[in-house]
file entry-v2.cif (mmCIF, C-alpha atoms (C1' of nucleotides))
data_data
#
loop_
_atom_site.label_atom_id
_atom_site.label_comp_id
_atom_site.auth_asym_id
_atom_site.auth_seq_id
_atom_site.Cartn_x
_atom_site.Cartn_y
_atom_site.Cartn_z
CA MET A 154 11.71 -0.91 27.34
CA SER A 155 8.45 -2.75 27.93
CA THR A 156 7.55 -5.67 25.69
CA ARG A 157 4.43 -3.85 24.65
CA GLN A 158 6.46 -0.87 23.49
CA ARG A 159 8.95 -3.08 21.69
CA ILE A 160 6.09 -4.70 19.82
CA LEU A 161 4.68 -1.31 18.85
CA ASP A 162 8.04 -0.06 17.61
CA THR A 163 8.88 -3.15 15.61
CA ALA A 164 5.37 -3.28 14.17
CA LEU A 165 5.61 0.36 13.12
CA GLU A 166 8.87 -0.38 11.36
CA SER A 167 7.46 -3.41 9.56
CA PHE A 168 4.02 -2.01 8.76
CA GLY A 169 5.62 1.17 7.50
CA THR A 170 8.02 -0.57 5.14
CA THR A 171 6.52 -3.93 4.16
CA GLY A 172 2.92 -2.86 4.65
CA VAL A 173 0.26 -4.36 6.91
CA ASP A 174 -0.79 -7.12 4.54
CA GLY A 175 2.84 -7.89 3.89
CA THR A 176 3.63 -8.32 7.58
CA SER A 177 2.65 -11.54 9.33
CA LEU A 178 2.38 -11.84 13.08
CA ASP A 179 4.78 -14.77 12.92
CA ALA A 180 7.42 -12.74 11.12
CA LEU A 181 6.91 -9.89 13.57
CA ALA A 182 7.27 -12.22 16.53
CA ARG A 183 10.39 -13.79 15.06
CA GLU A 184 11.94 -10.35 14.73
CA LEU A 185 11.12 -9.68 18.37
CA GLY A 186 12.36 -13.04 19.64
CA LEU A 187 8.84 -13.95 20.75
CA ARG A 188 5.91 -16.13 19.71
CA LYS A 189 3.02 -14.47 18.03
CA GLN A 190 0.78 -15.50 20.91
CA SER A 191 2.68 -13.04 23.05
CA ILE A 192 1.83 -10.31 20.58
CA LEU A 193 -1.82 -11.36 20.69
CA TYR A 194 -1.65 -11.16 24.46
CA TYR A 195 -1.01 -7.41 24.28
CA PHE A 196 -3.13 -6.74 21.21
CA ASN A 197 -6.24 -8.82 20.68
CA SER A 198 -5.90 -8.98 16.92
CA LYS A 199 -3.64 -7.89 14.12
CA ASN A 200 -6.01 -5.08 13.33
CA ALA A 201 -5.97 -3.89 16.94
CA LEU A 202 -2.20 -3.82 16.71
CA PHE A 203 -2.36 -1.82 13.50
CA GLN A 204 -4.69 0.71 15.12
CA ALA A 205 -2.39 1.06 18.09
CA VAL A 206 0.56 1.54 15.77
CA VAL A 207 -1.31 4.20 13.83
CA ASP A 208 -2.06 5.99 17.09
CA GLU A 209 1.58 5.78 18.04
CA ALA A 210 2.70 7.12 14.69
CA ALA A 211 0.17 9.94 14.76
CA ASN A 212 1.34 10.94 18.22
CA GLU A 213 4.97 11.00 17.20
CA PHE A 214 4.21 12.94 14.04
CA ILE A 215 2.13 15.50 15.92
CA ASP A 216 4.73 15.84 18.65
CA GLU A 217 7.40 16.59 16.09
CA LEU A 218 5.25 19.21 14.41
CA ASP A 219 4.24 20.76 17.73
CA ALA A 220 7.85 20.99 18.82
CA VAL A 221 8.72 22.98 15.72
CA PHE A 222 5.61 25.13 15.71
CA SER A 223 6.05 26.08 19.35
CA GLY A 224 9.17 28.05 18.47
CA VAL A 225 7.48 30.00 15.72
CA ASP A 226 5.21 33.02 15.51
CA PRO A 227 1.69 31.58 15.05
CA ARG A 228 0.91 34.33 12.59
CA ASP A 229 3.95 33.59 10.45
CA VAL A 230 2.51 31.04 8.07
CA TRP A 231 5.64 30.76 5.98
CA ALA A 232 7.74 29.96 9.03
CA GLN A 233 5.27 27.22 9.86
CA VAL A 234 5.51 25.77 6.38
CA GLU A 235 9.28 25.87 6.59
CA GLY A 236 9.08 24.10 9.94
CA ALA A 237 6.75 21.42 8.60
CA VAL A 238 9.08 20.80 5.67
CA ARG A 239 12.03 20.53 8.03
CA VAL A 240 10.20 17.99 10.20
CA VAL A 241 8.97 15.86 7.31
CA PHE A 242 12.37 15.77 5.63
CA ARG A 243 14.12 14.88 8.84
CA LEU A 244 11.64 12.04 9.32
CA ALA A 245 12.16 10.96 5.70
CA LEU A 246 15.82 10.58 6.54
CA GLN A 247 15.73 9.24 10.06
CA ARG A 248 12.36 7.51 10.41
CA PRO A 249 11.22 6.59 6.92
CA ALA A 250 8.97 3.87 8.31
CA LEU A 251 6.96 6.50 10.17
CA LEU A 252 6.10 8.31 6.95
CA GLY A 253 5.54 4.94 5.29
CA LEU A 254 3.03 4.08 7.94
CA LEU A 255 1.14 7.34 7.46
CA ARG A 256 1.09 6.55 3.79
CA GLU A 257 -0.17 3.06 4.56
CA ALA A 258 -2.84 4.38 6.91
CA SER A 259 -4.04 6.90 4.36
CA ARG A 260 -4.49 4.41 1.56
CA PRO A 261 -7.87 4.75 -0.09
CA GLY A 262 -10.35 2.54 1.71
CA SER A 263 -8.25 2.39 4.84
CA MET A 264 -10.32 1.85 7.93
CA VAL A 265 -8.00 3.67 10.29
CA ALA A 266 -8.54 7.03 8.66
CA VAL A 267 -11.34 7.89 11.08
CA GLN A 268 -8.89 7.40 13.90
CA LEU A 269 -6.35 9.64 12.27
CA SER A 270 -8.92 12.33 11.67
CA THR A 271 -10.07 12.58 15.30
CA ARG A 272 -6.41 12.47 16.30
CA LEU A 273 -5.44 15.33 14.00
CA ALA A 274 -8.64 17.38 14.00
CA VAL A 275 -7.45 19.98 16.49
CA HIS A 276 -4.20 20.59 14.67
CA ILE A 277 -5.84 20.74 11.29
CA ASP A 278 -8.32 23.29 12.55
CA ALA A 279 -5.56 25.38 14.07
CA ALA A 280 -3.53 25.33 10.87
CA GLN A 281 -6.59 26.14 8.81
CA HIS A 282 -7.45 29.06 11.06
CA ALA A 283 -3.94 30.46 10.83
CA LEU A 284 -4.10 30.16 7.05
CA GLU A 285 -7.51 31.83 6.93
CA THR A 286 -6.51 34.95 8.81
CA ALA A 287 -3.30 35.13 6.81
CA LEU A 288 -5.36 34.93 3.63
CA GLN A 289 -7.68 37.70 4.79
CA GLU A 290 -4.78 39.93 5.67
CA GLY A 291 -3.13 39.28 2.35
CA ARG A 292 -0.04 37.76 3.91
CA VAL A 293 -0.52 34.55 1.94
CA LEU A 294 -1.74 33.75 -1.56
CA GLY A 295 -4.63 31.34 -1.86
CA GLY A 296 -8.32 30.73 -2.33
CA ASN A 297 -9.87 28.22 0.02
CA ALA A 298 -7.84 27.83 3.22
CA ARG A 299 -8.66 24.16 3.84
CA LEU A 300 -8.00 23.15 0.26
CA LEU A 301 -4.79 25.15 0.26
CA LEU A 302 -3.72 23.27 3.38
CA PHE A 303 -4.53 20.03 1.60
CA SER A 304 -2.43 21.05 -1.40
CA LEU A 305 0.47 21.90 0.87
CA TYR A 306 0.20 18.56 2.64
CA SER A 307 0.10 16.64 -0.65
CA THR A 308 3.09 18.47 -2.05
CA ILE A 309 5.30 18.17 1.02
CA MET A 310 4.51 14.53 1.77
CA GLY A 311 4.75 13.60 -1.87
CA VAL A 312 8.11 15.19 -2.45
CA ALA A 313 9.45 13.64 0.75
CA THR A 314 8.14 10.10 0.28
CA GLU A 315 7.69 9.32 -3.42
CA VAL A 316 11.17 7.83 -3.67
CA GLU A 317 10.24 5.26 -6.31
CA VAL A 318 8.89 7.94 -8.62
CA LEU A 319 12.11 9.80 -8.03
CA ARG A 320 14.08 6.72 -8.99
CA ALA A 321 11.93 6.36 -12.08
CA MET A 322 13.05 9.87 -12.98
CA GLY A 323 16.66 8.82 -12.71
CA ILE A 324 17.40 10.47 -9.37
CA GLU A 325 18.78 8.11 -6.80
CA PRO A 326 17.50 8.99 -3.31
CA SER A 327 20.47 10.02 -1.20
CA LEU A 328 21.34 12.57 1.40
CA ARG A 329 22.40 15.07 -1.24
CA THR A 330 19.43 14.64 -3.53
CA LEU A 331 17.18 14.82 -0.49
CA ALA A 332 18.63 18.20 0.35
CA GLU A 333 18.22 19.31 -3.27
CA ARG A 334 14.63 18.14 -3.30
CA ARG A 335 13.97 20.06 -0.14
CA GLN A 336 15.52 23.21 -1.50
CA GLU A 337 13.50 23.09 -4.71
CA LEU A 338 10.36 22.30 -2.71
CA LEU A 339 10.86 25.29 -0.44
CA ARG A 340 11.44 27.57 -3.42
CA PHE A 341 8.33 26.16 -5.09
CA LEU A 342 6.18 26.65 -2.00
CA ARG A 343 7.49 30.14 -1.31
CA VAL A 344 6.59 31.32 -4.78
CA ALA A 345 3.16 29.71 -4.45
CA LEU A 346 2.42 31.16 -1.02
CA VAL A 347 4.29 34.34 -0.28
CA PRO A 348 3.14 37.53 -2.08
CA ALA A 349 5.91 39.26 -3.99
CA MET B 36 -13.04 -9.37 -25.06
CA SER B 37 -10.34 -12.01 -24.70
CA THR B 38 -10.03 -13.85 -21.41
CA ARG B 39 -6.51 -12.55 -21.06
CA GLN B 40 -7.74 -8.99 -21.35
CA ARG B 41 -10.58 -9.61 -18.92
CA ILE B 42 -8.07 -10.94 -16.40
CA LEU B 43 -5.88 -7.88 -16.86
CA ASP B 44 -8.79 -5.49 -16.42
CA THR B 45 -10.21 -7.19 -13.36
CA ALA B 46 -6.76 -7.51 -11.83
CA LEU B 47 -6.09 -3.82 -12.38
CA GLU B 48 -9.34 -2.99 -10.64
CA SER B 49 -8.58 -5.24 -7.68
CA PHE B 50 -4.87 -4.48 -7.36
CA GLY B 51 -5.62 -0.78 -7.58
CA THR B 52 -8.24 -0.78 -4.85
CA THR B 53 -7.49 -3.68 -2.51
CA GLY B 54 -3.77 -3.77 -3.21
CA VAL B 55 -1.66 -6.64 -4.51
CA ASP B 56 -1.15 -8.33 -1.16
CA GLY B 57 -4.84 -7.89 -0.45
CA THR B 58 -5.88 -9.62 -3.65
CA SER B 59 -5.76 -13.42 -3.87
CA LEU B 60 -5.75 -15.29 -7.13
CA ASP B 61 -8.76 -17.25 -5.90
CA ALA B 62 -10.77 -14.10 -5.25
CA LEU B 63 -9.75 -12.73 -8.61
CA ALA B 64 -10.80 -15.93 -10.36
CA ARG B 65 -14.12 -15.97 -8.52
CA GLU B 66 -14.80 -12.45 -9.74
CA LEU B 67 -14.04 -13.57 -13.27
CA GLY B 68 -16.08 -16.75 -13.08
CA LEU B 69 -12.95 -18.82 -13.53
CA ARG B 70 -10.58 -21.00 -11.52
CA LYS B 71 -7.26 -19.51 -10.55
CA GLN B 72 -5.49 -22.16 -12.63
CA SER B 73 -6.87 -20.44 -15.70
CA ILE B 74 -5.29 -17.20 -14.55
CA LEU B 75 -1.99 -19.01 -14.05
CA TYR B 76 -2.34 -20.37 -17.56
CA TYR B 77 -2.06 -16.84 -18.97
CA PHE B 78 0.33 -15.46 -16.37
CA ASN B 79 2.92 -17.78 -14.87
CA SER B 80 2.73 -16.29 -11.42
CA LYS B 81 0.94 -13.65 -9.41
CA ASN B 82 3.94 -11.39 -9.76
CA ALA B 83 3.99 -11.83 -13.53
CA LEU B 84 0.34 -10.80 -13.54
CA PHE B 85 1.13 -7.75 -11.45
CA GLN B 86 3.89 -6.73 -13.82
CA ALA B 87 1.58 -7.12 -16.79
CA VAL B 88 -1.06 -5.04 -15.02
CA VAL B 89 1.48 -2.32 -14.26
CA ASP B 90 2.46 -2.27 -17.93
CA GLU B 91 -1.19 -2.01 -18.89
CA ALA B 92 -1.79 0.82 -16.45
CA ALA B 93 1.32 2.69 -17.54
CA ASN B 94 0.22 2.40 -21.16
CA GLU B 95 -3.22 3.72 -20.43
CA PHE B 96 -1.88 6.56 -18.33
CA ILE B 97 0.62 7.56 -20.98
CA ASP B 98 -1.96 7.32 -23.74
CA GLU B 99 -4.26 9.67 -21.85
CA LEU B 100 -1.49 12.17 -21.31
CA ASP B 101 -0.31 11.93 -24.91
CA ALA B 102 -3.82 12.51 -26.19
CA VAL B 103 -4.07 15.73 -24.22
CA PHE B 104 -0.54 16.93 -24.95
CA SER B 105 -0.93 16.36 -28.68
CA GLY B 106 -3.48 19.16 -28.85
CA VAL B 107 -1.27 21.65 -27.07
CA ASP B 108 1.66 23.87 -28.01
CA PRO B 109 4.77 21.97 -26.82
CA ARG B 110 6.27 25.25 -25.68
CA ASP B 111 3.26 26.19 -23.58
CA VAL B 112 4.21 24.59 -20.29
CA TRP B 113 1.22 25.92 -18.43
CA ALA B 114 -1.18 24.44 -20.97
CA GLN B 115 0.57 21.11 -20.48
CA VAL B 116 0.18 21.34 -16.73
CA GLU B 117 -3.49 22.19 -17.15
CA GLY B 118 -3.86 19.19 -19.44
CA ALA B 119 -2.14 16.87 -17.01
CA VAL B 120 -4.40 18.07 -14.21
CA ARG B 121 -7.45 17.53 -16.38
CA VAL B 122 -6.37 13.97 -17.21
CA VAL B 123 -5.51 13.02 -13.65
CA PHE B 124 -8.74 14.40 -12.25
CA ARG B 125 -10.82 12.69 -14.89
CA LEU B 126 -9.09 9.42 -14.03
CA ALA B 127 -9.65 10.07 -10.33
CA LEU B 128 -13.33 10.24 -11.11
CA GLN B 129 -13.73 7.57 -13.77
CA ARG B 130 -10.85 5.16 -13.20
CA PRO B 131 -9.78 5.52 -9.58
CA ALA B 132 -8.31 2.03 -9.63
CA LEU B 133 -5.85 3.11 -12.30
CA LEU B 134 -4.43 5.83 -10.07
CA GLY B 135 -4.57 3.43 -7.14
CA LEU B 136 -2.46 0.99 -9.07
CA LEU B 137 0.14 3.63 -9.88
CA ARG B 138 0.21 4.44 -6.20
CA GLU B 139 0.59 0.75 -5.41
CA ALA B 140 3.36 0.34 -7.97
CA SER B 141 5.24 3.34 -6.61
CA ARG B 142 5.24 2.20 -3.00
CA PRO B 143 8.68 2.42 -1.48
CA GLY B 144 10.49 -0.85 -2.08
CA SER B 145 8.26 -1.82 -4.97
CA MET B 146 10.00 -4.04 -7.46
CA VAL B 147 8.04 -2.87 -10.47
CA ALA B 148 9.44 0.64 -10.35
CA VAL B 149 12.20 -0.23 -12.79
CA GLN B 150 9.55 -1.29 -15.26
CA LEU B 151 7.66 1.96 -14.82
CA SER B 152 10.81 4.00 -15.24
CA THR B 153 11.80 2.46 -18.57
CA ARG B 154 8.19 2.77 -19.65
CA LEU B 155 8.01 6.47 -18.78
CA ALA B 156 11.59 7.55 -19.44
CA VAL B 157 10.92 9.07 -22.85
CA HIS B 158 7.98 11.11 -21.62
CA ILE B 159 9.78 12.26 -18.52
CA ASP B 160 12.72 13.41 -20.59
CA ALA B 161 10.44 15.27 -22.98
CA ALA B 162 8.62 17.02 -20.15
CA GLN B 163 11.90 17.88 -18.49
CA HIS B 164 13.28 19.32 -21.67
CA ALA B 165 10.20 21.46 -22.22
CA LEU B 166 10.50 22.71 -18.67
CA GLU B 167 14.19 23.44 -19.08
CA THR B 168 13.84 25.66 -22.12
CA ALA B 169 10.85 27.39 -20.53
CA LEU B 170 12.98 28.05 -17.47
CA GLN B 171 15.82 29.48 -19.55
CA GLU B 172 13.45 31.75 -21.42
CA GLY B 173 11.87 32.92 -18.20
CA ARG B 174 8.45 31.65 -19.14
CA VAL B 175 8.26 29.52 -16.01
CA LEU B 176 9.44 29.99 -12.44
CA GLY B 177 11.72 27.35 -11.01
CA GLY B 178 15.19 26.16 -10.15
CA ASN B 179 16.01 22.61 -11.19
CA ALA B 180 13.78 21.40 -14.03
CA ARG B 181 13.71 17.72 -13.04
CA LEU B 182 13.01 18.47 -9.40
CA LEU B 183 10.35 20.98 -10.39
CA LEU B 184 8.72 18.28 -12.49
CA PHE B 185 8.86 15.96 -9.50
CA SER B 186 7.22 18.59 -7.30
CA LEU B 187 4.45 19.07 -9.86
CA TYR B 188 3.86 15.32 -10.06
CA SER B 189 3.70 14.97 -6.29
CA THR B 190 1.28 17.83 -5.92
CA ILE B 191 -1.09 16.82 -8.69
CA MET B 192 -1.19 13.11 -7.84
CA GLY B 193 -1.47 13.84 -4.14
CA VAL B 194 -4.34 16.27 -4.45
CA ALA B 195 -6.15 13.89 -6.78
CA THR B 196 -5.67 10.67 -4.84
CA GLU B 197 -5.23 11.42 -1.14
CA VAL B 198 -8.92 10.99 -0.45
CA GLU B 199 -8.48 9.61 3.05
CA VAL B 200 -6.45 12.61 4.12
CA LEU B 201 -9.17 14.75 2.65
CA ARG B 202 -11.74 12.89 4.69
CA ALA B 203 -9.58 13.34 7.76
CA MET B 204 -9.83 17.07 7.07
CA GLY B 205 -13.59 16.89 7.08
CA ILE B 206 -14.10 17.12 3.33
CA GLU B 207 -16.11 14.28 1.89
CA PRO B 208 -14.85 13.31 -1.58
CA SER B 209 -17.59 14.02 -4.08
CA LEU B 210 -17.98 15.41 -7.54
CA ARG B 211 -18.32 18.94 -6.22
CA THR B 212 -15.41 18.83 -3.81
CA LEU B 213 -13.33 17.20 -6.54
CA ALA B 214 -14.00 20.19 -8.78
CA GLU B 215 -13.16 22.56 -5.94
CA ARG B 216 -9.95 20.70 -5.23
CA ARG B 217 -9.02 20.93 -8.86
CA GLN B 218 -9.75 24.63 -9.00
CA GLU B 219 -7.64 25.39 -5.94
CA LEU B 220 -4.88 23.14 -7.27
CA LEU B 221 -4.79 24.96 -10.60
CA ARG B 222 -4.69 28.32 -8.86
CA PHE B 223 -1.90 27.06 -6.62
CA LEU B 224 0.15 25.73 -9.51
CA ARG B 225 -0.37 28.81 -11.63
CA VAL B 226 0.96 31.09 -8.93
CA ALA B 227 3.90 28.76 -8.38
CA LEU B 228 4.78 28.46 -12.07
CA VAL B 229 3.66 31.38 -14.15
CA PRO B 230 5.60 34.65 -13.78
CA ALA B 231 3.39 37.60 -12.90
"C1'" DA C 164 -10.64 -40.66 -38.03
"C1'" DC C 165 -6.62 -38.90 -35.84
"C1'" DT C 166 -3.67 -35.71 -34.01
"C1'" DT C 167 -2.54 -31.33 -32.21
"C1'" DC C 168 -3.21 -27.10 -29.89
"C1'" DT C 169 -5.66 -24.11 -26.81
"C1'" DG C 170 -8.08 -23.29 -22.93
"C1'" DT C 171 -10.38 -24.61 -18.76
"C1'" DC C 172 -11.04 -27.72 -15.46
"C1'" DT C 173 -10.47 -31.11 -10.98
"C1'" DA C 174 -7.48 -32.65 -7.64
"C1'" DC C 175 -3.77 -31.76 -4.80
"C1'" DC C 176 -0.03 -29.74 -2.15
"C1'" DA C 177 3.07 -27.70 1.37
"C1'" DA C 178 3.37 -23.51 3.61
"C1'" DT C 179 1.41 -19.78 5.91
"C1'" DT C 180 -2.32 -17.12 7.77
"C1'" DG C 181 -4.74 -15.05 12.07
"C1'" DG C 182 -6.52 -16.84 16.04
"C1'" DT C 183 -7.94 -20.14 20.31
"C1'" DA C 184 -7.14 -23.05 24.48
"C1'" DG C 185 -4.71 -23.79 27.99
"C1'" DA C 186 -0.39 -25.05 30.44
"C1'" DA C 187 3.89 -23.43 32.62
"C1'" DG C 188 7.17 -20.08 34.55
"C1'" DC C 189 7.72 -16.31 37.64
"C1'" DG C 190 7.79 -12.77 40.96
"C1'" DT C 191 4.94 -10.72 44.85
"C1'" DG C 192 2.28 -10.44 48.84
"C1'" DA C 193 -0.07 -12.92 52.58
"C1'" DT D 207 4.07 -22.27 51.69
"C1'" DC D 208 0.44 -20.90 49.18
"C1'" DA D 209 -2.25 -18.37 46.03
"C1'" DC D 210 -2.44 -15.04 42.59
"C1'" DG D 211 -1.74 -12.24 38.56
"C1'" DC D 212 1.17 -11.37 34.79
"C1'" DT D 213 3.61 -12.99 31.00
"C1'" DT D 214 5.16 -16.24 27.72
"C1'" DC D 215 4.93 -20.51 26.08
"C1'" DT D 216 3.42 -25.23 23.44
"C1'" DA D 217 -0.03 -27.28 20.90
"C1'" DC D 218 -3.50 -26.81 17.77
"C1'" DC D 219 -6.82 -25.28 14.25
"C1'" DA D 220 -9.54 -24.20 10.09
"C1'" DA D 221 -8.97 -21.40 6.28
"C1'" DT D 222 -6.34 -19.55 2.71
"C1'" DT D 223 -2.17 -18.84 0.11
"C1'" DG D 224 0.45 -19.36 -4.53
"C1'" DG D 225 1.52 -23.00 -7.32
"C1'" DT D 226 1.95 -28.00 -9.73
"C1'" DA D 227 0.23 -32.11 -12.30
"C1'" DG D 228 -2.49 -33.71 -15.22
"C1'" DA D 229 -7.21 -34.81 -17.14
"C1'" DC D 230 -10.72 -33.31 -20.35
"C1'" DA D 231 -13.22 -30.69 -23.85
"C1'" DG D 232 -13.42 -28.61 -28.22
"C1'" DA D 233 -11.93 -26.65 -32.40
"C1'" DA D 234 -8.81 -27.05 -36.40
"C1'" DG D 235 -6.02 -29.20 -39.56
"C1'" DT D 236 -4.59 -33.41 -42.00
#

call {"tool": "encode", "arguments": {"input": "entry-v2.cif", "output": "structure tokens"}}
result
Amino acid sequence: MSTRQRILDTALESFGTTGVDGTSLDALARELGLRKQSILYYFNSKNALFQAVVDEAANEFIDELDAVFSGVDPRDVWAQVEGAVRVVFRLALQRPALLGLLREASRPGSMVAVQLSTRLAVHIDAAQHALETALQEGRVLGGNARLLLFSLYSTIMGVATEVEVLRAMGIEPSLRTLAERRQELLRFLRVALVPA
Amino acid sequence: MSTRQRILDTALESFGTTGVDGTSLDALARELGLRKQSILYYFNSKNALFQAVVDEAANEFIDELDAVFSGVDPRDVWAQVEGAVRVVFRLALQRPALLGLLREASRPGSMVAVQLSTRLAVHIDAAQHALETALQEGRVLGGNARLLLFSLYSTIMGVATEVEVLRAMGIEPSLRTLAERRQELLRFLRVALVPA
DNA sequence: ACTTCTGTCTACCAATTGGTAGAAGCGTGA
DNA sequence: TCACGCTTCTACCAATTGGTAGACAGAAGT
């Protein structure tokens, strides 16, 4: 794998777990067996690296979602929701840093949000459109399609990533509790979305 | 107001917006018209200050929730949810830094989570118990009470605080869109919780 | 008048930060 | 062999970081 790619991967891991402010170029370089000047050779500044990492993460996230959505009837909103939940929970288990990075990038006041928005705009519009027609045809319960999409996003990402809140509630994050969380989430969303 | 309290307030504001790592004691002191040594006089270390701020924030959050819940039938789960939504959205408007700090404190790997958990344990248990009996009596839809509570928390906090995601969706956070978000959220939660 | 306590200050400190300048190693093509 | 471009390095740097040591001011009590 190219050095550039190794840097991106390691940075994603570190940014997504320790945070951007909590990750120094020196520490990153040490982890890579390099000097930080080599990192700055590929990325002109720490912020440029962060932006590249956000792009990388957005791509991976979108690819995962696309892969699942491609095998699903575009009119079947519930199947899409189920697919999204499956993707997010698999990532929570296998690539927690990826979700951590999205969380980091979507912190209030983050300057990379613009980037994310242009990156995701097409997919958001598609999802919104699917929701809208489903709403009109009474196949889904909801008021405003875009705000409903936002609620869905918040719920799914929250349930998948708020592990510290979970701990505070006395539930230790583990494979089993993850599965239980997912099951309750799906039940919750089905009741909220699918007409009886 | 005592200097100690001023430090706590200013720190909450800064920690909740810029983040802990993004806030230096020097910057904090400058904002207060002090030297950082004066801050370290009241709090032995930056981390001690952070812990104190988390305590402060947890207290305020709990007080707000208690105030709303006290005027509501303890058996009326939906009224409690409505109250919680009202509190969180008012805070999102008037004290965004407070929610930001809770978000900061609940970052994966955060070391203050233990603190938060002991601080909130009683209230979590109470809410869970109310949910449980409501579930048994069929007044609320759901499977596992604790996981349902967790889903509710994730949804409400997410919808109220994920402003950058909202922006990425082309919705500028404002008073009007906040009200719309809240309305759609309440509709969403009502469908998900209240039996037809 | 003297001490004591509280609070704020100046003066430092070693370590770390992101970043610059430029040299050295290295393989490739002429 | 030479030149060249790519990559990684050593050597620095000014600024900032959290934190320590201790002086100084003022109020309060005796």

call {"tool": "resolve_selection", "arguments": {"input": "entry-v2.cif", "expression": "the PyMOL selection byres ((chain D and resi 224) around 12)", "output": "list of chain:residue names"}}
result
B:Asp56, B:Thr58, B:Ser59, B:Leu60, B:Asp61, B:Lys71, B:Gln72, B:Ile74, B:Leu75, B:Asn79, B:Ser80, B:Lys81, B:Asn82, C:DC176, C:DA177, C:DA178, C:DT179, D:DT222, D:DT223, D:DG225, D:DT226

call {"tool": "resolve_selection", "arguments": {"input": "entry-v2.cif", "expression": "the PyMOL selection byres ((chain C) within 12 of (chain A))", "output": "PyMOL selection string"}}
result
chain C and resi 179-184

call {"tool": "closest_residue", "arguments": {"input": "entry-v2.cif", "among": "A:Leu244, A:Thr171, A:Phe203, A:Ala287", "to": "chain B", "atoms": "only C-alpha atoms"}}
result
A:Thr171

call {"tool": "atom_distance", "arguments": {"input": "entry-v2.cif", "atom1": "atom CA of A:Asn212", "atom2": "atom CA of A:Arg272"}}
result
8.1 Å

call {"tool": "axis_aligned_box", "arguments": {"input": "entry-v2.cif", "around": "stretch 259-271 of chain A", "padding_each_side": "4 Å", "output": "AutoDock Vina command-line options"}}
result
--center_x -7.7 --center_y 7.2 --center_z 7.6 --size_x 15.3 --size_y 18.7 --size_z 23.4

call {"tool": "resolve_selection", "arguments": {"input": "entry-v2.cif", "expression": "the PyMOL selection byres ((chain D) within 9 of (chain A))", "output": "NGL selection string"}}
result
:D and (213-215)

call {"tool": "residues_around", "arguments": {"input": "entry-v2.cif", "residues": "C:DG190", "least_positions_apart": "4", "cutoff": "12 Å", "atoms": "all atoms listed in the file", "output": "ChimeraX atom specification"}}
result
/D:210-213
